[in-house]
Each structure stands twice: as C-alpha cells, then as structure tokens.
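*Asks:* Input structure: model_11.cif, which contains mmCIF, C-alpha atoms.
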```cif
data_protein
loop_
_atom_site.group_PDB
_atom_site.id
_atom_site.type_symbol
_atom_site.label_atom_id
_atom_site.label_comp_id
_atom_site.auth_asym_id
_atom_site.auth_seq_id
_atom_site.Cartn_x
_atom_site.Cartn_y
_atom_site.Cartn_z
ATOM 1 C CA MET A 35 -58.561 -89.312 -70.624
ATOM 2 C CA GLY A 36 -56.953 -89.440 -67.204
ATOM 3 C CA LYS A 37 -58.297 -88.676 -63.775
ATOM 4 C CA GLU A 38 -57.710 -84.957 -63.869
ATOM 5 C CA LYS A 39 -57.255 -83.281 -60.510
ATOM 6 C CA ASN A 40 -57.757 -79.686 -61.646
ATOM 7 C CA MET A 41 -54.587 -79.932 -63.693
ATOM 8 C CA ASN A 42 -53.569 -76.849 -65.600
ATOM 9 C CA HIS A 43 -52.061 -78.473 -68.660
ATOM 10 C CA ASN A 44 -50.986 -75.193 -70.276
ATOM 11 C CA TYR A 45 -49.159 -74.115 -67.102
ATOM 12 C CA TYR A 46 -47.072 -77.294 -66.954
ATOM 13 C CA MET A 47 -46.514 -77.361 -70.717
ATOM 14 C CA LYS A 48 -45.104 -73.816 -70.525
ATOM 15 C CA ILE A 49 -42.559 -75.115 -68.011
ATOM 16 C CA ALA A 50 -41.748 -78.031 -70.334
ATOM 17 C CA LEU A 51 -41.224 -75.462 -73.115
ATOM 18 C CA GLU A 52 -38.803 -73.562 -70.869
ATOM 19 C CA GLU A 53 -36.849 -76.806 -70.558
ATOM 20 C CA ALA A 54 -36.951 -77.185 -74.357
ATOM 21 C CA LYS A 55 -35.491 -73.677 -74.664
ATOM 22 C CA LYS A 56 -32.585 -74.747 -72.445
ATOM 23 C CA ALA A 57 -31.949 -77.661 -74.802
ATOM 24 C CA TYR A 58 -32.066 -75.295 -77.794
ATOM 25 C CA LYS A 59 -29.402 -73.067 -76.223
ATOM 26 C CA GLU A 60 -27.222 -76.151 -75.693
ATOM 27 C CA ARG A 61 -27.663 -77.147 -79.372
ATOM 28 C CA GLU A 62 -29.793 -80.141 -78.384
ATOM 29 C CA VAL A 63 -33.044 -81.081 -80.088
ATOM 30 C CA PRO A 64 -35.383 -78.809 -78.105
ATOM 31 C CA ILE A 65 -37.564 -81.196 -76.155
ATOM 32 C CA GLY A 66 -38.513 -80.490 -72.566
ATOM 33 C CA CYS A 67 -40.325 -82.505 -69.935
ATOM 34 C CA VAL A 68 -41.937 -81.941 -66.536
ATOM 35 C CA LEU A 69 -43.162 -84.668 -64.182
ATOM 36 C CA VAL A 70 -45.946 -83.723 -61.771
ATOM 37 C CA ILE A 71 -47.382 -85.612 -58.803
ATOM 38 C CA ASP A 72 -50.162 -84.155 -56.627
ATOM 39 C CA ASN A 73 -49.977 -80.865 -58.542
ATOM 40 C CA LYS A 74 -46.303 -80.469 -57.595
ATOM 41 C CA ILE A 75 -43.388 -80.525 -60.002
ATOM 42 C CA VAL A 76 -41.205 -83.454 -58.985
ATOM 43 C CA ALA A 77 -38.729 -83.288 -61.876
ATOM 44 C CA LYS A 78 -37.847 -81.247 -64.954
ATOM 45 C CA ALA A 79 -35.467 -82.159 -67.765
ATOM 46 C CA HIS A 80 -34.505 -81.518 -71.351
ATOM 47 C CA ASN A 81 -32.638 -83.476 -73.993
ATOM 48 C CA MET A 82 -28.943 -83.881 -73.213
ATOM 49 C CA LYS A 83 -27.727 -86.401 -75.813
ATOM 50 C CA GLU A 84 -25.238 -84.091 -77.516
ATOM 51 C CA VAL A 85 -23.857 -82.546 -74.324
ATOM 52 C CA THR A 86 -23.300 -85.910 -72.640
ATOM 53 C CA GLY A 87 -22.748 -88.199 -75.618
ATOM 54 C CA GLN A 88 -25.403 -90.510 -74.165
ATOM 55 C CA ALA A 89 -28.053 -91.809 -76.579
ATOM 56 C CA ILE A 90 -30.556 -92.457 -73.784
ATOM 57 C CA TYR A 91 -30.501 -88.933 -72.333
ATOM 58 C CA HIS A 92 -33.897 -87.912 -73.649
ATOM 59 C CA ALA A 93 -35.931 -85.395 -71.654
ATOM 60 C CA GLU A 94 -38.549 -87.950 -70.593
ATOM 61 C CA VAL A 95 -36.036 -90.558 -69.428
ATOM 62 C CA LEU A 96 -34.117 -87.942 -67.449
ATOM 63 C CA ALA A 97 -37.287 -86.581 -65.818
ATOM 64 C CA ILE A 98 -38.380 -90.102 -64.856
ATOM 65 C CA LYS A 99 -34.936 -90.860 -63.416
ATOM 66 C CA LYS A 100 -34.917 -87.630 -61.382
ATOM 67 C CA ALA A 101 -38.465 -88.214 -60.114
ATOM 68 C CA CYS A 102 -37.697 -91.770 -58.989
ATOM 69 C CA GLU A 103 -34.564 -90.583 -57.194
ATOM 70 C CA LYS A 104 -36.441 -87.744 -55.522
ATOM 71 C CA ILE A 105 -39.402 -89.774 -54.254
ATOM 72 C CA GLY A 106 -37.361 -92.925 -53.607
ATOM 73 C CA ILE A 107 -39.506 -95.377 -55.553
ATOM 74 C CA TRP A 108 -39.679 -96.472 -59.183
ATOM 75 C CA ARG A 109 -43.480 -96.505 -59.400
ATOM 76 C CA LEU A 110 -44.727 -93.111 -60.516
ATOM 77 C CA GLU A 111 -48.409 -93.905 -60.065
ATOM 78 C CA GLY A 112 -50.725 -90.911 -60.173
ATOM 79 C CA SER A 113 -48.144 -88.885 -62.084
ATOM 80 C CA TYR A 114 -48.490 -86.560 -65.059
ATOM 81 C CA LEU A 115 -45.621 -86.374 -67.519
ATOM 82 C CA TYR A 116 -45.678 -83.265 -69.714
ATOM 83 C CA THR A 117 -43.456 -83.379 -72.764
ATOM 84 C CA THR A 118 -43.277 -81.034 -75.698
ATOM 85 C CA VAL A 119 -43.092 -83.867 -78.261
ATOM 86 C CA GLU A 120 -44.770 -87.262 -78.621
ATOM 87 C CA PRO A 121 -42.565 -89.824 -76.837
ATOM 88 C CA CYS A 122 -40.330 -92.176 -78.835
ATOM 89 C CA VAL A 123 -40.133 -95.946 -78.329
ATOM 90 C CA MET A 124 -37.446 -95.687 -75.630
ATOM 91 C CA CYS A 125 -39.269 -92.998 -73.680
ATOM 92 C CA SER A 126 -42.593 -94.802 -74.075
ATOM 93 C CA GLY A 127 -40.990 -97.921 -72.621
ATOM 94 C CA ALA A 128 -39.655 -95.943 -69.660
ATOM 95 C CA ILE A 129 -43.088 -94.355 -69.163
ATOM 96 C CA ILE A 130 -44.806 -97.765 -69.152
ATOM 97 C CA HIS A 131 -42.238 -99.427 -66.879
ATOM 98 C CA SER A 132 -42.242 -96.594 -64.348
ATOM 99 C CA ARG A 133 -46.064 -96.635 -64.242
ATOM 100 C CA VAL A 134 -46.537 -93.015 -65.286
ATOM 101 C CA GLU A 135 -50.310 -92.643 -65.297
ATOM 102 C CA ASN A 136 -50.788 -89.668 -67.637
ATOM 103 C CA VAL A 137 -48.796 -88.328 -70.570
ATOM 104 C CA ILE A 138 -49.581 -84.907 -71.972
ATOM 105 C CA TYR A 139 -47.645 -83.852 -75.048
ATOM 106 C CA GLY A 140 -47.598 -80.917 -77.394
ATOM 107 C CA THR A 141 -46.843 -82.038 -80.917
ATOM 108 C CA CYS A 142 -46.620 -85.312 -82.795
ATOM 109 C CA ASP A 143 -43.344 -86.807 -84.004
ATOM 110 C CA SER A 144 -43.947 -88.278 -87.457
ATOM 111 C CA LYS A 145 -40.561 -90.032 -87.497
ATOM 112 C CA ASN A 146 -40.372 -91.530 -84.002
ATOM 113 C CA GLY A 147 -43.638 -91.000 -82.118
ATOM 114 C CA CYS A 148 -45.122 -93.945 -80.241
ATOM 115 C CA HIS A 149 -48.644 -92.777 -79.533
ATOM 116 C CA LYS A 150 -50.240 -91.658 -82.792
ATOM 117 C CA SER A 151 -47.484 -91.347 -85.356
ATOM 118 C CA LYS A 152 -45.707 -94.698 -85.815
ATOM 119 C CA ILE A 153 -47.210 -97.119 -83.314
ATOM 120 C CA ASP A 154 -49.269 -96.790 -80.170
ATOM 121 C CA LEU A 155 -47.283 -98.232 -77.301
ATOM 122 C CA LEU A 156 -48.670 -95.979 -74.589
ATOM 123 C CA THR A 157 -52.282 -97.153 -74.731
ATOM 124 C CA SER A 158 -51.681 -100.633 -76.164
ATOM 125 C CA ASN A 159 -53.335 -103.657 -74.581
ATOM 126 C CA LEU A 160 -50.077 -105.579 -75.060
ATOM 127 C CA PHE A 161 -48.613 -104.372 -71.762
ATOM 128 C CA ASN A 162 -49.676 -104.621 -68.141
ATOM 129 C CA HIS A 163 -49.851 -100.814 -67.872
ATOM 130 C CA LYS A 164 -51.816 -98.417 -70.043
ATOM 131 C CA VAL A 165 -51.230 -94.694 -70.008
ATOM 132 C CA ASN A 166 -53.847 -91.961 -70.305
ATOM 133 C CA VAL A 167 -52.716 -89.662 -73.105
ATOM 134 C CA ILE A 168 -53.661 -86.126 -74.090
ATOM 135 C CA SER A 169 -52.043 -84.612 -77.167
ATOM 136 C CA GLY A 170 -52.031 -81.181 -78.770
ATOM 137 C CA ILE A 171 -51.492 -79.054 -75.656
ATOM 138 C CA MET A 172 -49.783 -75.850 -76.850
ATOM 139 C CA LYS A 173 -49.171 -77.641 -80.150
ATOM 140 C CA GLU A 174 -48.176 -74.555 -82.134
ATOM 141 C CA GLU A 175 -45.549 -73.443 -79.614
ATOM 142 C CA CYS A 176 -44.114 -76.954 -79.362
ATOM 143 C CA GLU A 177 -43.927 -77.252 -83.165
ATOM 144 C CA LYS A 178 -42.407 -73.799 -83.577
ATOM 145 C CA ILE A 179 -39.386 -74.377 -81.370
ATOM 146 C CA LEU A 180 -38.575 -77.584 -83.276
ATOM 147 C CA LYS A 181 -39.041 -75.973 -86.682
ATOM 148 C CA ASP A 182 -36.904 -72.980 -85.690
ATOM 149 C CA PHE A 183 -34.158 -75.267 -84.368
ATOM 150 C CA PHE A 184 -33.952 -77.456 -87.463
ATOM 151 C CA LYS A 185 -34.193 -74.454 -89.791
ATOM 152 C CA GLU A 186 -31.223 -72.907 -87.976
ATOM 153 C CA ILE A 187 -29.258 -76.165 -88.235
ATOM 154 C CA ARG A 188 -29.961 -76.421 -91.981
ATOM 155 C CA GLU A 189 -28.918 -72.785 -92.527
ATOM 156 C CA GLU A 190 -25.652 -73.367 -90.635
ATOM 157 C CA LYS A 191 -24.902 -76.424 -92.786
ATOM 158 C CA ARG A 192 -25.555 -74.433 -95.976
ATOM 159 C CA LYS A 193 -23.054 -71.762 -94.882
ATOM 160 C CA LYS A 194 -20.274 -74.320 -94.447
#
```
What does this structure look like when you write it as structure tokens?
*Replies:*
Amino acid sequence: MGKEKNMNHNYYMKIALEEAKKAYKEREVPIGCVLVIDNKIVAKAHNMKEVTGQAIYHAEVLAIKKACEKIGIWRLEGSYLYTTVEPCVMCSGAIIHSRVENVIYGTCDSKNGCHKSKIDLLTSNLFNHKVNVISGIMKEECEKILKDFFKEIREEKRKK
C-alpha cells in the first residue's frame, strides 16, 4: 500500500460519493472523484460526458486537470486520488502520466476496470510509474449508487 499520512479514506470517499450524487442528478453515470495532496482537497469532479458531449470527461480526468491547473504543475506526486469506481483505461493512463501516487477506489468495474477487473495498468511494471492502490473503501455505498442509477435507467426505458 501507499505511504499513508494519517489519511482518512472513508472521509474522502464520502466526498467522492457526494460528487457521484451530483452526476446522478445530472443523469450522468454516478462516479465521483477527489484529489488530495497533504491532507487537503485540491480538486473534486464527477462524470460530465452526457452534459458536455465529451467522451473524455470522466471524473478522474477532470479532477486531475483541475488539480494540475490549481497547483500549476502536471506532476501530482504525493497525491491521493479517491474515486468511487475502479478507473478505466483512459483514467488509468491519466493517473500514470500525471504521477498520481495513490489511488483509492470503492467498487470494481467488471466491464472497464484497469486494476483488478480487466487488466492491471496501475501497478504494472510496464510503465515508468507505479501507483499504490487500495480498493473496497465504502464498497457497498459505491455499488449502490451505480445499481440504483442503472435500475432507474432500465425502468425508464421499459416505460417508453
């Protein structure tokens, strides 16, 4: 695991879940993300693909972009990225290239996840940067918001 500096993973994951709830209200897949450096939240984001029409507007990519803009450098060394769902290939690439040190996520993504589910990019020896990963933080809550969202979508489609 990572060099933990008295990090309260549940505290930050709750904030990521609040971001996921914002996405849910906007009819986006409810994924939220928080980026923390030195125990301070540097950036928060949620999925915005549908609202913006931009395929790359995933919560993790947006949080990384905001953090880099805020601190004025692309290297996010010493950072903790909290996301409600296991990062996909695009987000994993952004995490590796921005040198995020620690990724903490809630639930796995059996279709697109790039830590445990499909392929392990985050801790692979194929890249010049390896990420410390912790999974399963507030897993039930992170799963529930996704299940509720997709159940609602399916019910709406049945009514049409």
*Asks:* Within 10 Å of Glu94 (chain A), counting only C-alpha atoms, which residues qualify if same-chain residues fewer than 5 places away don't, as a ChimeraX atom specification?
*Replies:* /A:65-69,77-81,99-100,115-119,121-122,124-126,128-129
*Asks:* Specify as a PyMOL selection string each residue included when the PyMOL selection byres ((chain A and resi 170) around 10) is applied to this file.
*Replies:* chain A and resi 118-120+138-142+168-169+171-174+176
*Asks:* Show me, as AutoDock Vina command-line options, the centre and edge lengths in Å to one decimal of the axis-aligned box that covers every listed atom of region 146-154 of chain A with 4 Å on each side.
*Replies:*
```
--center_x -45.3 --center_y -94.1 --center_z -82.7 --size_x 17.9 --size_y 14.1 --size_z 14.3
```
*Asks:* Restricting the calculation to all atoms listed in the file: of A:Ile107, A:Ile179, A:Val95, A:Ile71, which residue gets closest to Lys83 (chain A)?
*Replies:*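 With all atoms listed in the file as the atom set, the closest residue is A:Val95.
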*Asks:* I need the residue nearest Leu51 (chain A) from this list: A:Glu175, A:Glu84, A:Asn73, A:Asn146. Use only C-alpha atoms for the distance.
*Replies:*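 Closest residue, counting only C-alpha atoms: A:Glu175.
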*Asks:* What does the distance between CA of Asn159 (chain A) and CA of Gly147 (chain A) come to in Å, to one decimal place?
*Replies:* 17.6 Å
*Asks:* If I take CA of Met82 (chain A) and CA of Ala57 (chain A), how far is one from the other in Å, to one decimal?
*Replies:*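 If I compute the distance from CA of Met82 (chain A) to CA of Ala57 (chain A), I get 7.1 Å.
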*Asks:* Please, what distance in Å, to one decimal, runs between CA of Val76 (chain A) and CA of Tyr45 (chain A)?
*Replies:*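 That distance, rounded to one decimal, is 14.7 Å.
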*Asks:* Give me, as a list in words, all polymer residues having an atom no more than 12 Å from Asn166 (chain A), counting all atoms listed in the file and skipping those fewer than 2 positions away in the same chain.
*Replies:*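 My reading of the contact set: Met35, Gly36, Lys37, Glu38, Glu111, Gly112, Ser113, Tyr114, Leu115, Tyr116, Ile129, Ile130, Arg133, Val134, Glu135, Asn136, Val137, Ile138, Tyr139, His149, Asp154, Leu155, Leu156, Thr157, Ser158, His163, Lys164, Ile168 and Ser169 of chain A.
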*Asks:* Choose the residue, out of A:Ser151, A:Ala89, A:Lys194, A:Ala97, that has the smallest atom-to-atom separation from Ala50 (chain A); count only C-alpha atoms.
*Replies:*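 Looking at the shortest contact to Ala50 (chain A), the residue is A:Ala97.
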*Asks:* Considering all atoms listed in the file, state which residue in the set A:Asp182, A:Ile75, A:Ser144, A:Glu53 is at the smallest distance from Lys104 (chain A).
*Replies:*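 Closest to Lys104 (chain A), using all atoms listed in the file: A:Ile75.
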*Asks:* Have a look at A:Arg109, A:Arg61, A:Lys191, A:Lys48 and name the one nearest to Thr86 (chain A); count only C-alpha atoms.
*Replies:*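 Comparing A:Arg109, A:Arg61, A:Lys191, A:Lys48 against Thr86 (chain A), the winner is A:Arg61.
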*Asks:* Rank nothing, just name the residue among A:Met41, A:Cys148, A:Ile105, A:Val85 nearest to Asp72 (chain A), using only C-alpha atoms.
*Replies:*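 Of A:Met41, A:Cys148, A:Ile105, A:Val85, the one nearest Asp72 (chain A) is A:Met41, counting only C-alpha atoms.
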*Asks:* So that I can check the surroundings of Trp108 (chain A), please list as a list in words every protein, DNA and RNA residue that reaches within 9 Å of it, counting all atoms listed in the file and ignoring chain neighbours fewer than 6 positions away.
*Replies:*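 In the requested form, the answer reads Ile98, Lys99, Ala101, Cys102, His131, Ser132 and Arg133 of chain A.
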